[in-house]
Amino acid sequence: MRRRRIGIGFRRELADWLKNHRQLVDSIEITAEHFFGFDPTGNRLLGKLGADFPTFVHGLGLSLGTPGPLCEKTLERFARVADMANAQWVSEHIAFTRSGEVDLGHLNPIHFDANSLEILVDHARQVADRCNRKVVLENITSALRFETAMRETEFLNELCRRAGCGLLLDVTNLFINSRNHRFDPRKWLNEIEPENIVQLHVVGYSRKGNTNFDRHAQPIQDDLLELIGIVFEYAAVEGVTLERDEHLQATDEIESDLRKLRALDEQTG
Amino acid sequence: MNRPADPDLPNSPGGGGRHFVQLLADLLADPRVRDELVHSPQELFARYELTVPEQRSLEAVNMQQLEEQAQSLIRKRWHAVARLIPDTIGSGPQKEMRSLFEFYATRHWPGDFRRHWLDAHEFLRFLDANDLPYANAGEKKKLSRIFG
């Protein structure tokens with residue numbers, strides 16, 4: 001019996017495909033920034049997605065790891081998208097995308113220490129309060145890793161405990177980090193409190209030379225699927241989102257990935 | 001480096017770690033700051049008022065990883081911009097276009113939720129401002145309609 005909501009990250013290029021493949025998609029993840037224009041077409045789409053599917057709203061630019069106050073305007077827009085989409089929960093990253101002076105536009109790693117923990121806890125609570133929804137936070141992949149006294153897993157557990165949030169475990173990011181930085185992803189997983197894991201992100205990894213990347217461009221590979229299965233066995237995950245951003249015209253690959261995930265969900269019970 | 005003037009950005013940070021994150025952002029944004037970390041780290045740490053543990057952490061940073069992370073930011077922007085203005089990107093030799101973009105991108109960091117469109121728009125303006133004959137007229141017109 002299937003129990004997890006298997007779905008996709010909504011991209012406008014997939015709108016027509018989605019109409020004809022409703023039976024493969026249990027949930028939709030909406031990227032908040034894609035709707036920050038609040039034009040009539042986008043607003044209608046948000047409302048329709050919220051009416052047709054259970055939705056999760058995912059943010060890219062709140063920069064929760066940046067010290068100081070969150071950007072009020074971004075937070076207001078984020079909460080508005082969550083309301084319009086009737087989101088079940090909202091999510092962001094354990095990362096920073098900007099400092100006070102420069103906006104890097106993409107996710108960068110934070111230093112796992114008590115100071116960063118304070119900042120993340122405070123910001124996660126602010127997002128939960130403003131959105132009036134549960135917050136789940138995502139692990140990122142990064143070429144850069146700091147030597148820190150606190151392990152990443154310890155940091156994540158403490159963050160969930162103190163902020164009252166959940167973990168959006170990006171299994172692909174875990175897989176990529178474990179390959180690039182040479183650690184055992186199963187050991188990492190076993191250090192995470194299973195009840196913290198609420199949602200998963202999955203998509204095939206990309207590879208160049210000996211380095212793995214998260215380009216969101218590939219179908220799920222067998223070794224990654226095996227790790228997803230291990231996570232399914234380990235934690236009572238509520239939602240699983242296929243996060244594809246490239247080669248969206250390859251809908252056969254997307255359908256195949258969704259079927260694989262649904263089959264895995266049934267097998268792991 | 002071009003600092004974004006977007007009023008949406010938080011500009012009144014407070015609390016510990018501010019200078020560390022600021023320096024890390026500048027290290028990732030600007031190759032000249034990365035050079036400084038290699039050649040005169042103490043001056044850099046003093047300028048950003050880092051604590052001793054923060055200094056230790058940056059002294060232990062793997063420079064190859066730092067460079068790769070910085071490159072990944074430019075690479076992601078390049079892929080996004082190439083999708084938005086393919087005719088411009090395809091109008092010159094690939095290696096030269098990539099090199100021009102890298103020069104532009106390490107000096108301009110657009111801060112807006114439409115950042116990829118803004119990035120493409122600013123790159124077109126950069127090409128024109130430097131009399132480089134690559135900006136596609138149709139793509140310029142399309143982006144000018146959005147940003148004026």
# chains A, B, ... in the order shown; residues from 1 in each chain; ligands from 1
call {"tool": "interface_residues", "arguments": {"of": "chain A", "to": "chain B", "cutoff": "8 Å", "atoms": "only C-alpha atoms", "output": "NGL selection string"}}
result
:A and (33 or 36 or 61 or 66-74 or 98-106 or 108 or 115-116 or 142-148)
call {"tool": "residues_around", "arguments": {"residues": "Thr211 (chain A)", "least_positions_apart": "2", "cutoff": "9 Å", "atoms": "only C-alpha atoms", "output": "PyMOL selection string"}}
result
chain A and resi 176+179-180+206-209+213
call {"tool": "write_last_selection", "arguments": {"atoms": "N, CA and C atoms", "output": "PDB file, in the first residue's frame"}}
result
ATOM      1  N   ILE A 176      25.360  13.298  -3.707  1.00  0.00           N
ATOM      2  CA  ILE A 176      26.441  14.053  -4.360  1.00  0.00           C
ATOM      3  C   ILE A 176      27.527  14.440  -3.338  1.00  0.00           C
ATOM      4  N   ARG A 179      29.670  11.517  -2.357  1.00  0.00           N
ATOM      5  CA  ARG A 179      30.639  11.127  -3.392  1.00  0.00           C
ATOM      6  C   ARG A 179      31.777  12.143  -3.496  1.00  0.00           C
ATOM      7  N   ASN A 180      31.406  13.430  -3.530  1.00  0.00           N
ATOM      8  CA  ASN A 180      32.436  14.464  -3.728  1.00  0.00           C
ATOM      9  C   ASN A 180      33.328  14.631  -2.495  1.00  0.00           C
ATOM     10  N   SER A 206      24.208  14.765 -12.008  1.00  0.00           N
ATOM     11  CA  SER A 206      25.032  14.925 -13.208  1.00  0.00           C
ATOM     12  C   SER A 206      26.482  14.692 -12.815  1.00  0.00           C
ATOM     13  N   ARG A 207      27.286  14.369 -13.795  1.00  0.00           N
ATOM     14  CA  ARG A 207      28.665  14.017 -13.469  1.00  0.00           C
ATOM     15  C   ARG A 207      29.612  14.574 -14.534  1.00  0.00           C
ATOM     16  N   LYS A 208      30.713  15.148 -14.092  1.00  0.00           N
ATOM     17  CA  LYS A 208      31.762  15.590 -15.013  1.00  0.00           C
ATOM     18  C   LYS A 208      33.092  15.198 -14.389  1.00  0.00           C
ATOM     19  N   GLY A 209      33.843  14.350 -15.078  1.00  0.00           N
ATOM     20  CA  GLY A 209      35.079  13.829 -14.490  1.00  0.00           C
ATOM     21  C   GLY A 209      34.744  13.061 -13.227  1.00  0.00           C
ATOM     22  N   PHE A 213      27.305  16.733  -9.766  1.00  0.00           N
ATOM     23  CA  PHE A 213      26.628  18.028  -9.701  1.00  0.00           C
ATOM     24  C   PHE A 213      25.126  17.828  -9.562  1.00  0.00           C
TER      25      PHE A 213
END
call {"tool": "closest_residue", "arguments": {"among": "A:Val198, A:Arg259, A:Arg244, A:Thr268", "to": "Glu226 (chain A)", "atoms": "only C-alpha atoms"}}
result
A:Thr268
call {"tool": "residues_around", "arguments": {"residues": "Arg47 (chain B)", "least_positions_apart": "3", "cutoff": "12 Å", "atoms": "only C-alpha atoms", "output": "ChimeraX atom specification"}}
result
/B:19-20,22-23,33,36-37,40-44,50-51,55
call {"tool": "select_by_dssp", "arguments": {"residues": "region 67-252 of chain A", "states": "alpha helix (DSSP H)", "output": "ChimeraX atom specification"}}
result
/A:72-84,114-131,152-163,171-180,185-190,222-234,251-252
call {"tool": "residues_around", "arguments": {"residues": "Leu137 (chain A)", "least_positions_apart": "3", "cutoff": "9 Å", "atoms": "only C-alpha atoms", "output": "PyMOL selection string"}}
result
chain A and resi 90-94+124+156+160+165-169
call {"tool": "write_last_selection", "arguments": {"atoms": "C-alpha atoms", "output": "tab-separated table (two decimals), in the first residue's frame"}}
result
chain	number	residue	atom	x	y	z
A	90	VAL	CA	6.68	25.75	3.34
A	91	SER	CA	10.36	25.05	2.82
A	92	GLU	CA	13.68	26.82	2.41
A	93	HIS	CA	17.37	25.95	2.48
A	94	ILE	CA	20.00	25.66	5.16
A	124	ALA	CA	12.94	29.46	10.66
A	156	LEU	CA	20.32	19.59	11.52
A	160	CYS	CA	14.78	20.84	13.97
A	165	CYS	CA	10.80	22.56	12.02
A	166	GLY	CA	11.24	19.47	9.88
A	167	LEU	CA	13.89	18.38	7.43
A	168	LEU	CA	13.49	18.42	3.68
A	169	LEU	CA	16.09	15.80	2.91
call {"tool": "closest_residue", "arguments": {"among": "A:Leu225, A:Ala85, A:Val240, A:Val135", "to": "Arg44 (chain A)", "atoms": "only C-alpha atoms"}}
result
A:Ala85
